[in-house]
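A short write-up of the structure that comes next.
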Amino acid sequence: MHMKKYITLLFSIGVFVTNTHAQLFPVLGGQRAGISTAQFLKIGVGGRASAMGDAFVAIADDASALYWNPAGLVQFQQNQVIFAHNTWVVDINHDFLGFVYRMDETNAFGLALTSLSMQNMPVTTEFAPFGTGEYWKFGDIAFAFTYARKMTDQFSFGGTIRYIEETLDKLKMRGVMIDLGTYYWTGLGTSRFAVAVSNFGNQLAPDGEVVLVGKRKVSEWQAFSPPTIFRIGFAFEPYQTDEHKITTSVQLNHPNDNSENVSTGFEYRWKSLLQLRGGYKFNVDEQNYSLGVGIYFPLSIAEFTLDYAYSNFTRLGSAHRFSIILGF
């Protein structure tokens, strides 16, 4: 009976999303687009999560939980290291390095480094539209510390403190943000429910001075909010045996700088050695479907997992993500 209830619930959500896509979503915040800064914090981490349409807060059972849901750090037993590389649109590189250490059965902490970089670009002016011979650079970096605790066998809680720094030529913007996450096993089969709030903090403004044409100087800049996002997710396994496992997930996303949207994802796992994944995003600008694959190798010194994800964009092309997780 539980299985029928789960399938009915997922079907109902799918029908709701489809029927309201054109009427409901556009009035829920599209006018907020472009009001936040530090946009690199919105780029998803890990080939597994990205292949599943970013519907990952209620799964979050590997080291990529450092990004998606801090409560996920106590959903697996290993110490893990993750390295993720993302070939983002317009030749932007996005990299993530994280480490999770299990102190005991109920406590874990993690460290993470996020970097966004691109090639230096030529400086142009009104009088030198093809370049002055000088170049300017843009880049982002973030350092994070995460702690998670399993409060009961069913409920877990976690939090992250993150320092970010953005460099725009001679300007620098710095700030501190927090993430909060919960993870709850409902007791109905393998179903679980998760809530996460990411990138919550004060408004940010750049520091520095820029000299414009005519030797005009500008040193005061407008402040913007960080890209705070509230996520609610639900996941369960509709079919699971010793050889085969199917995981499904649905997630509601509420960003402070755009419309609400829904992500869905699935994963098929064969003997833990091979995983096939797919996902779809509803009401997300440019992005829609994603696909991916994962391969697991049990090595003598560590357990090795390689994940790849392809994310499609309607006009900007596509993005390719690779991630490696070492468990020991």
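Ordering of the structure tokens sets the chain letters (A, B, ...), residue numbers begin anew at 1 in every chain, and ligands are numbered from 1 in the order given.
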
Looking only at strand (DSSP E) from DSSP on the backbone, list the matching residues of segment 135-226 of chain A as an mmCIF file with N, CA and C atoms, in the first residue's frame.
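Contents of states-v3.cif, freshly written:
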```
data_model
loop_
_atom_site.group_PDB
_atom_site.id
_atom_site.type_symbol
_atom_site.label_atom_id
_atom_site.label_comp_id
_atom_site.auth_asym_id
_atom_site.auth_seq_id
_atom_site.Cartn_x
_atom_site.Cartn_y
_atom_site.Cartn_z
ATOM 1 N N TYR A 135 44.580 44.288 -19.547
ATOM 2 C CA TYR A 135 43.601 43.226 -19.315
ATOM 3 C C TYR A 135 43.065 43.328 -17.891
ATOM 4 N N TRP A 136 41.828 42.892 -17.711
ATOM 5 C CA TRP A 136 41.230 42.850 -16.380
ATOM 6 C C TRP A 136 40.739 41.440 -16.101
ATOM 7 N N PHE A 138 38.337 38.598 -13.583
ATOM 8 C CA PHE A 138 37.168 38.368 -12.747
ATOM 9 C C PHE A 138 37.265 36.963 -12.163
ATOM 10 N N GLY A 139 36.924 36.813 -10.898
ATOM 11 C CA GLY A 139 36.963 35.491 -10.281
ATOM 12 C C GLY A 139 36.268 35.494 -8.932
ATOM 13 N N ASP A 140 35.844 34.303 -8.506
ATOM 14 C CA ASP A 140 35.178 34.129 -7.219
ATOM 15 C C ASP A 140 35.841 32.994 -6.458
ATOM 16 N N ILE A 141 35.791 33.094 -5.146
ATOM 17 C CA ILE A 141 36.311 32.018 -4.308
ATOM 18 C C ILE A 141 35.495 31.985 -3.017
ATOM 19 N N ALA A 142 35.314 30.786 -2.465
ATOM 20 C CA ALA A 142 34.563 30.634 -1.216
ATOM 21 C C ALA A 142 35.195 29.534 -0.378
ATOM 22 N N PHE A 143 35.256 29.766 0.943
ATOM 23 C CA PHE A 143 35.732 28.777 1.907
ATOM 24 C C PHE A 143 34.584 28.481 2.868
ATOM 25 N N ALA A 144 34.359 27.202 3.178
ATOM 26 C CA ALA A 144 33.218 26.855 4.021
ATOM 27 C C ALA A 144 33.586 25.799 5.049
ATOM 28 N N PHE A 145 32.970 25.919 6.222
ATOM 29 C CA PHE A 145 33.078 24.907 7.267
ATOM 30 C C PHE A 145 31.676 24.422 7.601
ATOM 31 N N THR A 146 31.489 23.103 7.653
ATOM 32 C CA THR A 146 30.170 22.506 7.880
ATOM 33 C C THR A 146 30.228 21.552 9.063
ATOM 34 N N TYR A 147 29.163 21.586 9.861
ATOM 35 C CA TYR A 147 29.011 20.624 10.957
ATOM 36 C C TYR A 147 27.618 20.022 10.887
ATOM 37 N N ALA A 148 27.525 18.697 11.090
ATOM 38 C CA ALA A 148 26.236 18.013 11.071
ATOM 39 C C ALA A 148 26.151 17.049 12.235
ATOM 40 N N ARG A 149 24.926 16.854 12.713
ATOM 41 C CA ARG A 149 24.700 15.937 13.828
ATOM 42 C C ARG A 149 23.415 15.151 13.592
ATOM 43 N N LYS A 150 23.486 13.864 13.858
ATOM 44 C CA LYS A 150 22.302 13.013 13.806
ATOM 45 C C LYS A 150 21.637 13.071 15.179
ATOM 46 N N PHE A 155 16.114 11.877 12.413
ATOM 47 C CA PHE A 155 16.267 13.314 12.162
ATOM 48 C C PHE A 155 17.718 13.756 12.306
ATOM 49 N N SER A 156 18.194 14.534 11.320
ATOM 50 C CA SER A 156 19.549 15.089 11.335
ATOM 51 C C SER A 156 19.498 16.582 11.027
ATOM 52 N N PHE A 157 20.511 17.285 11.517
ATOM 53 C CA PHE A 157 20.584 18.732 11.345
ATOM 54 C C PHE A 157 22.020 19.118 11.010
ATOM 55 N N GLY A 158 22.195 20.152 10.194
ATOM 56 C CA GLY A 158 23.531 20.609 9.854
ATOM 57 C C GLY A 158 23.563 22.093 9.540
ATOM 58 N N GLY A 159 24.758 22.672 9.657
ATOM 59 C CA GLY A 159 24.928 24.090 9.351
ATOM 60 C C GLY A 159 26.287 24.354 8.730
ATOM 61 N N THR A 160 26.366 25.406 7.927
ATOM 62 C CA THR A 160 27.601 25.791 7.230
ATOM 63 C C THR A 160 27.840 27.279 7.401
ATOM 64 N N ILE A 161 29.091 27.630 7.639
ATOM 65 C CA ILE A 161 29.532 29.031 7.603
ATOM 66 C C ILE A 161 30.450 29.183 6.397
ATOM 67 N N ARG A 162 30.163 30.153 5.552
ATOM 68 C CA ARG A 162 30.909 30.305 4.301
ATOM 69 C C ARG A 162 31.415 31.745 4.143
ATOM 70 N N TYR A 163 32.702 31.853 3.846
ATOM 71 C CA TYR A 163 33.306 33.155 3.508
ATOM 72 C C TYR A 163 33.488 33.215 2.002
ATOM 73 N N ILE A 164 33.035 34.305 1.393
ATOM 74 C CA ILE A 164 33.177 34.449 -0.061
ATOM 75 C C ILE A 164 33.938 35.721 -0.404
ATOM 76 N N GLU A 165 34.635 35.671 -1.524
ATOM 77 C CA GLU A 165 35.359 36.838 -2.020
ATOM 78 C C GLU A 165 35.253 36.872 -3.534
ATOM 79 N N GLU A 166 34.832 37.999 -4.049
ATOM 80 C CA GLU A 166 34.694 38.174 -5.490
ATOM 81 C C GLU A 166 35.617 39.289 -5.958
ATOM 82 N N THR A 167 36.371 39.019 -7.020
ATOM 83 C CA THR A 167 37.312 39.991 -7.569
ATOM 84 C C THR A 167 36.838 40.438 -8.942
ATOM 85 N N LEU A 168 36.625 41.736 -9.104
ATOM 86 C CA LEU A 168 36.263 42.327 -10.384
ATOM 87 C C LEU A 168 37.268 43.434 -10.681
ATOM 88 N N LEU A 171 38.227 45.900 -7.932
ATOM 89 C CA LEU A 171 37.219 45.853 -6.874
ATOM 90 C C LEU A 171 37.179 44.462 -6.237
ATOM 91 N N LYS A 172 36.910 44.435 -4.945
ATOM 92 C CA LYS A 172 36.730 43.180 -4.226
ATOM 93 C C LYS A 172 35.479 43.258 -3.364
ATOM 94 N N MET A 173 34.734 42.164 -3.362
ATOM 95 C CA MET A 173 33.544 42.074 -2.525
ATOM 96 C C MET A 173 33.691 40.875 -1.597
ATOM 97 N N ARG A 174 33.486 41.087 -0.311
ATOM 98 C CA ARG A 174 33.658 40.033 0.688
ATOM 99 C C ARG A 174 32.402 39.907 1.532
ATOM 100 N N GLY A 175 32.162 38.698 2.015
ATOM 101 C CA GLY A 175 30.996 38.505 2.858
ATOM 102 C C GLY A 175 31.001 37.143 3.517
ATOM 103 N N VAL A 176 30.133 36.983 4.520
ATOM 104 C CA VAL A 176 29.960 35.729 5.248
ATOM 105 C C VAL A 176 28.494 35.312 5.154
ATOM 106 N N MET A 177 28.268 34.040 4.854
ATOM 107 C CA MET A 177 26.915 33.507 4.720
ATOM 108 C C MET A 177 26.799 32.204 5.492
ATOM 109 N N ILE A 178 25.566 31.781 5.696
ATOM 110 C CA ILE A 178 25.329 30.509 6.378
ATOM 111 C C ILE A 178 24.342 29.666 5.588
ATOM 112 N N ASP A 179 24.477 28.341 5.735
ATOM 113 C CA ASP A 179 23.502 27.368 5.232
ATOM 114 C C ASP A 179 22.954 26.597 6.428
ATOM 115 N N LEU A 180 21.686 26.241 6.365
ATOM 116 C CA LEU A 180 21.063 25.401 7.374
ATOM 117 C C LEU A 180 20.297 24.289 6.675
ATOM 118 N N GLY A 181 20.379 23.074 7.209
ATOM 119 C CA GLY A 181 19.685 21.972 6.566
ATOM 120 C C GLY A 181 19.166 20.957 7.559
ATOM 121 N N THR A 182 18.054 20.307 7.209
ATOM 122 C CA THR A 182 17.502 19.219 7.993
ATOM 123 C C THR A 182 17.238 18.029 7.081
ATOM 124 N N TYR A 183 17.212 16.852 7.682
ATOM 125 C CA TYR A 183 17.036 15.602 6.932
ATOM 126 C C TYR A 183 16.210 14.672 7.806
ATOM 127 N N TYR A 184 15.077 14.183 7.277
ATOM 128 C CA TYR A 184 14.160 13.392 8.090
ATOM 129 C C TYR A 184 13.712 12.139 7.344
ATOM 130 N N TRP A 185 13.976 10.980 7.951
ATOM 131 C CA TRP A 185 13.480 9.709 7.437
ATOM 132 C C TRP A 185 12.077 9.508 8.002
ATOM 133 N N ARG A 192 12.248 9.903 2.510
ATOM 134 C CA ARG A 192 12.830 10.923 3.367
ATOM 135 C C ARG A 192 12.460 12.305 2.846
ATOM 136 N N PHE A 193 12.522 13.259 3.769
ATOM 137 C CA PHE A 193 12.086 14.627 3.539
ATOM 138 C C PHE A 193 13.186 15.554 4.028
ATOM 139 N N ALA A 194 13.532 16.563 3.245
ATOM 140 C CA ALA A 194 14.632 17.451 3.625
ATOM 141 C C ALA A 194 14.283 18.903 3.321
ATOM 142 N N VAL A 195 14.802 19.784 4.146
ATOM 143 C CA VAL A 195 14.649 21.228 3.963
ATOM 144 C C VAL A 195 16.016 21.873 4.124
ATOM 145 N N ALA A 196 16.383 22.762 3.210
ATOM 146 C CA ALA A 196 17.680 23.433 3.280
ATOM 147 C C ALA A 196 17.544 24.893 2.870
ATOM 148 N N VAL A 197 18.224 25.764 3.587
ATOM 149 C CA VAL A 197 18.333 27.186 3.250
ATOM 150 C C VAL A 197 19.799 27.479 2.997
ATOM 151 N N SER A 198 20.116 28.011 1.827
ATOM 152 C CA SER A 198 21.513 28.236 1.438
ATOM 153 C C SER A 198 21.779 29.719 1.181
ATOM 154 N N ASN A 199 22.985 30.146 1.525
ATOM 155 C CA ASN A 199 23.492 31.487 1.216
ATOM 156 C C ASN A 199 22.674 32.589 1.890
ATOM 157 N N PHE A 200 22.424 32.425 3.168
ATOM 158 C CA PHE A 200 21.698 33.443 3.929
ATOM 159 C C PHE A 200 22.711 34.379 4.581
ATOM 160 N N GLY A 201 22.533 35.685 4.384
ATOM 161 C CA GLY A 201 23.469 36.632 4.969
ATOM 162 C C GLY A 201 23.100 38.071 4.663
ATOM 163 N N VAL A 210 37.534 53.037 -8.789
ATOM 164 C CA VAL A 210 37.721 52.919 -10.230
ATOM 165 C C VAL A 210 37.851 54.319 -10.813
ATOM 166 N N VAL A 211 38.851 54.510 -11.709
ATOM 167 C CA VAL A 211 39.043 55.788 -12.395
ATOM 168 C C VAL A 211 38.464 55.675 -13.794
ATOM 169 N N LYS A 217 36.498 59.577 -10.511
ATOM 170 C CA LYS A 217 36.697 58.477 -9.582
ATOM 171 C C LYS A 217 35.363 58.054 -8.964
ATOM 172 N N VAL A 218 35.193 56.745 -8.879
ATOM 173 C CA VAL A 218 33.988 56.184 -8.264
ATOM 174 C C VAL A 218 34.432 55.203 -7.185
#
```

Need the shell around His320 of chain A: protein/DNA/RNA residues with any atom at most 7 Å away, counting only C-alpha atoms. Skip same-chain ones fewer than 3 positions apart. Format as a PDB file with C-alpha atoms, in the first residue's frame?
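So out.pdb came out as:
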```pdb
ATOM      1  CA  ASN A  86      32.310  22.134 -14.183  1.00  0.00           C
ATOM      2  CA  THR A  87      32.846  23.429 -17.712  1.00  0.00           C
ATOM      3  CA  TRP A  88      30.204  26.133 -17.466  1.00  0.00           C
ATOM      4  CA  ALA A 309      26.597  15.023 -16.004  1.00  0.00           C
ATOM      5  CA  TYR A 310      25.376  16.754 -19.139  1.00  0.00           C
ATOM      6  CA  SER A 311      23.073  19.739 -18.618  1.00  0.00           C
TER       7      SER A 311
END
```

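Of the listed residues (A:Asp242, A:Glu237, A:Asp257, A:Asp285), A:Asp257 comes nearest to Ile35 of chain A; the distances count only C-alpha atoms.
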
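Of the residues listed (A:Asn283, A:Gln75, A:Thr132, A:Gln119), A:Gln75 shows the shortest atom-to-atom separation from Asn107 of chain A; distances use only C-alpha atoms.
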
Selected residue of minimal separation from Gln240 of chain A among A:Glu126, A:Asp104, A:Glu303, A:Glu267, counting only C-alpha atoms: A:Glu267

Among segment 22-197 of chain A, which ones does DSSP place in helix (DSSP H, G or I), written as a PyMOL selection string? chain A and resi 25-27+30-32+39-42+47-51+65-68+70-74+89-91

Next, dump the selected residues to file, keeping only C-alpha atoms, as a compact mmCIF listing (two decimals), in the first residue's frame.
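Written output follows (part.txt):
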```txt
# COMPACT_ATOMS: atom_id res chain seq x y z
CA PHE A 25 4.90 30.04 -11.80
CA PRO A 26 5.39 33.30 -13.78
CA VAL A 27 3.66 35.38 -11.07
CA GLY A 30 10.12 36.43 -12.06
CA GLN A 31 10.25 40.18 -11.49
CA ARG A 32 12.96 39.57 -8.87
CA GLN A 39 25.83 34.25 -8.61
CA PHE A 40 28.53 31.56 -8.65
CA LEU A 41 27.00 30.19 -5.43
CA LYS A 42 23.97 29.06 -7.45
CA GLY A 47 28.07 15.11 -11.47
CA ARG A 48 25.53 13.00 -9.60
CA ALA A 49 23.33 15.83 -8.33
CA SER A 50 23.51 17.77 -11.60
CA ALA A 51 22.52 14.73 -13.65
CA ALA A 65 26.13 17.36 0.58
CA LEU A 66 28.64 20.06 1.58
CA TYR A 67 26.93 22.17 -1.08
CA TRP A 68 23.36 20.81 -1.18
CA PRO A 70 24.73 20.17 5.42
CA ALA A 71 22.56 17.62 7.25
CA GLY A 72 23.57 15.08 4.61
CA LEU A 73 27.06 14.72 6.10
CA VAL A 74 25.73 12.14 8.56
CA VAL A 89 28.84 28.29 -20.26
CA VAL A 90 30.94 30.98 -22.07
CA ASP A 91 34.26 29.37 -21.11
```

If I take atom CA of Phe282 of chain A and atom CA of Ser259 of chain A, how far is one from the other in Å, to one decimal?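 Atom-to-atom, atom CA of Phe282 of chain A to atom CA of Ser259 of chain A, that is 10.5 Å.
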
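The nearest approach to Pro206 of chain A among the residues A:Arg231, A:Met151, A:Thr37, A:Asn258, with only C-alpha atoms taken into account, belongs to A:Thr37.
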
Env of Gln251 of chain A: 8 Å cut, atoms = only C-alpha atoms, seq-sep filter 4 positions within chain, self excluded. Answer as a ChimeraX atom specification. /A:55-57,231-234,262-264

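When atom CA of Phe109 of chain A is paired with atom CA of Ala60 of chain A, their separation reads 14.5 Å.
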
Which residues come within 10 Å of Ser36 of chain A, counting only C-alpha atoms, excluding same-chain residues fewer than 5 positions away, as a count of residues only? 12
